[in-house]
Structure formats: structure tokens, C-alpha cells
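Q: Starting off with a structure, shown below.
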Amino acid sequence: MRTGRAAGEPPSAASPPRGSSSPPYALQLASVNSVRGSSSSHLGMNLSGNSSSPVEPIKPLMDLGDVEGTLTLPAYPVFDEATPTNVTAMTGNAAYLHCLVHNLGNKSVSWIRQRDIHILTVGRYTYTTDERYEVIHSQGSKDWILKIKYAQSRDSGNYECQVSTKPVKSYTVHLHVFAPKVEIIGSPDMHVDTGSTINLTCVIAHSPEPPSYIFWYHNDQVVNYESPRGSVSVLKEEDNVSRSSLIIHEAQPSDTGNYTCSPSNADGTSLRVHVFSGDPPAAMQTNGGVALLAPPFGHAFYTCLVGGLFLTLLTEDLLLPGTFRGGGAA
């Protein structure tokens with residue numbers, strides 16, 4: 001049995017999670033908060049990203065009474081229908097599962113994870129080695145809130161709020177934890193000529209809240225945001241989709257390599273940029289994985305191939321009967 005809180009919080013978003021400055025490319029991010037305003041929330045979901053801030057208990061539906069104000073509660077524990085049965089959370093954020101119980105008396109409230117029948121909490125005590133779990137309950141409140149810090153996709157599933165009556169009463173809440181999808185347009189490869197402009201656009205989809213920051217990396221080194229060769233990256237959000245563009249002017253062979261877009265709320269994704277000096281090599285790998293011959297060798301190859309095929313057909317038509325076809329005259 002283990003009780004207590006998590007040992008620490010994740011690293012601060014104020015600095016890049018890996019690497020130091022590298023090649024001179026500029027990148028400036030527009031303020032995300034100015035686009036969306038204040039953080040969103042609704043019953044059973046908290047998208048603030050601050051797992052240490054308390055969540056407000058849900059107003060019990062039964063406390064509202066009926067039209068005449070004569071609602072009489074039963075003398076035994078009963079669950080309140082105001083509790084949401086479906087909760088959605090984003091990976092990395094805290095998930096809050098509510099359980100409102102009236103007339104609890106001397107009974108206790110437990111949270112059970114259904115997939116492995118694991119007891120997570122009993123009363124205010126935590127019964128798991130996973131320190132991301134804790135119960136929130138204030139004196140006089142009917143709401144027993146299960147908090148899951150830094151929720152992951154594997155946390156999705158059904159959770160039971162149980163009251164220790166005989167037989168046991170239970171209320172099931174389903175949690176869905178989703179991860180935004182990250183893609184760099186043009187992946188997995190981009191081919192550009194020396195002196196041209198590299199324009200990389202990163203799309204973060206299925207994200208109710210835009211990322212608080214986005215870092216770009218070149219060969220695992222964070223991009224330098226103060227280069228004169230770079231331009232401003234625009235981050236915008238609409239229909240749960242955020243975009244960030246990294247533009248590099250006057251591409252040089254040294255700009256070749258892997259570029260990674262790493263938002264604060266999802267795993268990063270990469271694209272490889274190839275910068276050619278002069279003519280590209282004879283064989284070029286395309287996005288479809290098919291090797292094509294590039295000029296001037298490509299044109300010569302196909303000319304010889306077509307010409308050889310034509311001569312072969314012409315020779316077959318001019319051959320005399322029996323000549324080079326088994327020998328001898330008919």
C-alpha cells in the first residue's frame with residue numbers, strides 16, 4: 001500500500017526540453033493565449049494543463065429539489081445523476097472523475113479501475129504505487145473526485161466509484177484520453193535547390209487547446225530563433241487545429257538534415273530536408289519510395305531504352321523464315 005502525491009512536476013515549458021542553439025534559423029511563435037483567451041473547461045474535464053490546481057466540485061442535482069421544493073432523499077447512500085459518465089482529457093493534462101454520493105453516513109467511497117480490478121483509492125487514502133492517482137474531497141462536500149495527473153492514452157477505460165454498502169453500490173465513469181496528431185506537410189522527405197526557400201509547416205490536429213509552445217529542431221538541436229535568414233512562424237488555431245511554419249531563406253547544403261516539430265501537448269514528428277548544390281544526383285528518392293533517374297542521365301536512359309526496343313521489333317519483322325529460328329531451310 002502506498003499513499004502520497006507525485007514526487008515532482010514535469011519540466012517547465014519555459015525552456016526547450018532538449019539540445020541547445022544550433023544553425024541560424026529564425027522562429028517566433030505568436031501568443032497562443034491571445035488567440036484562444038482563457039482556458040476551456042466543462043463538467044469532468046480540465047484542460048488548463050496545471051495538474052496542481054484544484055477542480056471545483058459539481059453541484060449536486062438532488063440538492064436543487066423539485067418544483068415544489070419537497071424532494072425527500074432516501075435514508076441510504078445514493079448516487080447523484082449530476083455526475084458525468086463520460087469524461088474526456090488530453091494526454092499530459094490532469095483528468096478529473098467525479099462521484100457525488102448523498103447520505104453516505106459511515107460508509108466509505110472507493111475508486112476501482114475496471115480493466116484490472118485495481119483499487120485506486122479508499123476514502124482519502126491512495127492504494128496504488130502509481131503516484132499520479134489521488135482523491136480530492138473537502139469537508140462537507142458530497143463529491144469524491146479521482147484525479148489522474150499527466151493522463152496517458154493507456155489510462156482510458158471505465159472507472160467505478162463504489163460505496164461500501166451490502167451489496168456494494170457502484171457508479172461507472174468512462175475516461176477517454178486522446179493524443180493530438182502531429183504532421184509536417186510533405187513528410188517524410190523534401191528536396192530543395194541551393195539558394196531556394198525552405199518552408200516547413202507543422203499541423204497539430206485534434207487538439208481542443210493549442211499547444212503552449214512549439215519547438216523546432218534541426219538534427220536534434222533546437223533552432224536558433226534570431227537568424228537573419230529566417231522569417232516569422234505563424235501559429236494559429238481553428239477547428240481544433242494549430243499550425244506552425246518555419247521558413248528558411250537562401251537554403252545551403254548545411255541546412256540538410258532532419259527537422260522535428262515538437263509541440264508541448266504531443267510527441268514530435270520529423271521530416272528530412274535534402275539541399276542540393278547544382279544538379280541533383282542521378283538517382284533521387286521520392287516520397288513514394290520509387291527511385292527515379294534525374295536529368296541529364298534520365299533522358300538518355302529512356303531514349304536508349306525506347307530506341308533499343310524499336311530496333312528489336314524491326315529486326316524480328318525482317319528476319320527470313322527459318323533464319324536464326326532453329327536453323328536449316330524449310
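Residue numbering restarts at 1 in every chain; chains get A, B, ... in the order shown in the C-alpha cells, and ligands count up from 1 in that same order.
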Restrict the calculation to only C-alpha atoms, then for each residue of segment 221-273 of chain A with any atom at most 10 Å from an atom of segment 184-197 of chain A give the closest atom pair and their distance in Å to one decimal, rows by chain and rising residue number, as a tab-separated table.
A:
residue	atom	partner	partner_atom	distance
A:Arg229	CA	A:Thr197	CA	9.7
A:Gly230	CA	A:Thr197	CA	9.6
A:Arg243	CA	A:Ile184	CA	9.5
A:Ser244	CA	A:Ile184	CA	9.4
A:Ser245	CA	A:Ile184	CA	9.4
A:Ile247	CA	A:Thr197	CA	7.0
A:Ile248	CA	A:Thr197	CA	5.7
A:His249	CA	A:Thr197	CA	4.6
A:Glu250	CA	A:Gly195	CA	4.1
A:Ala251	CA	A:Gly195	CA	4.8
A:Gln252	CA	A:Thr194	CA	5.3
A:Pro253	CA	A:Thr194	CA	6.7
A:Ser254	CA	A:Thr194	CA	9.9
A:Asp255	CA	A:Thr194	CA	9.4
A:Thr256	CA	A:His191	CA	9.3
A:Gly257	CA	A:Asp189	CA	9.9
A:Asn258	CA	A:Asp189	CA	9.1
A:Tyr259	CA	A:Ile184	CA	9.2
A:Thr260	CA	A:Ile184	CA	8.4
A:Cys261	CA	A:Ile184	CA	7.3
A:Gly268	CA	A:Ile184	CA	9.6
A:Thr269	CA	A:Ile184	CA	7.0
A:Ser270	CA	A:Ile184	CA	6.9
A:Leu271	CA	A:Pro188	CA	4.9
A:Arg272	CA	A:Asp189	CA	4.8
A:Val273	CA	A:Met190	CA	4.8
Q: With C-alpha atoms kept, could you save the residues just selected as a PDB file, in the first residue's frame?
A:
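Contents of the output file out31.pdb:
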ATOM      1  CA  ARG A 229      17.906  34.102 -42.841  1.00  0.00           C
ATOM      2  CA  GLY A 230      14.700  33.097 -41.134  1.00  0.00           C
ATOM      3  CA  ARG A 243      -0.239  25.284 -37.418  1.00  0.00           C
ATOM      4  CA  SER A 244       3.343  26.467 -37.133  1.00  0.00           C
ATOM      5  CA  SER A 245       5.575  27.347 -40.108  1.00  0.00           C
ATOM      6  CA  ILE A 247      10.756  29.410 -43.161  1.00  0.00           C
ATOM      7  CA  ILE A 248      14.461  29.374 -44.056  1.00  0.00           C
ATOM      8  CA  HIS A 249      15.658  31.667 -46.855  1.00  0.00           C
ATOM      9  CA  GLU A 250      18.714  31.062 -49.087  1.00  0.00           C
ATOM     10  CA  ALA A 251      18.959  27.325 -48.363  1.00  0.00           C
ATOM     11  CA  GLN A 252      22.503  25.956 -48.084  1.00  0.00           C
ATOM     12  CA  PRO A 253      23.842  22.386 -48.134  1.00  0.00           C
ATOM     13  CA  SER A 254      24.480  22.715 -44.391  1.00  0.00           C
ATOM     14  CA  ASP A 255      20.690  23.014 -43.955  1.00  0.00           C
ATOM     15  CA  THR A 256      20.308  19.360 -44.988  1.00  0.00           C
ATOM     16  CA  GLY A 257      19.107  17.069 -42.210  1.00  0.00           C
ATOM     17  CA  ASN A 258      16.201  16.100 -40.000  1.00  0.00           C
ATOM     18  CA  TYR A 259      13.749  18.774 -38.860  1.00  0.00           C
ATOM     19  CA  THR A 260      11.471  17.993 -35.920  1.00  0.00           C
ATOM     20  CA  CYS A 261       8.317  19.808 -34.852  1.00  0.00           C
ATOM     21  CA  GLY A 268       7.114  15.432 -32.095  1.00  0.00           C
ATOM     22  CA  THR A 269       7.360  14.380 -35.726  1.00  0.00           C
ATOM     23  CA  SER A 270      10.212  14.749 -38.227  1.00  0.00           C
ATOM     24  CA  LEU A 271      10.916  15.440 -41.900  1.00  0.00           C
ATOM     25  CA  ARG A 272      14.249  15.134 -43.747  1.00  0.00           C
ATOM     26  CA  VAL A 273      15.333  18.021 -45.955  1.00  0.00           C
TER      27      VAL A 273
END
Q: When you count only C-alpha atoms, which of these residues is closest to Ile204 of chain A: A:Val168, A:Val241, A:Val275, A:Ala179?
A: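 Answer, going by the shortest atom-to-atom distance: A:Val241.
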Q: Rounded to one decimal, what separation in Å do you get between atom CA of Tyr125 of chain A and atom CA of Trp144 of chain A?
A: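 So the answer is 11.8 Å.
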Q: If you count only C-alpha atoms, which residues fall within 6 Å of Val203 of chain A, apart from same-chain ones fewer than 3 positions away, as number ranges by chain?
A: A: 182-183, 242-243
Q: Kindly indicate which residue among A:Ser110, A:Asn158, A:Thr128, A:Gln152 lies nearest to Thr85 of chain A, using only C-alpha atoms for the distances.
A: A:Asn158
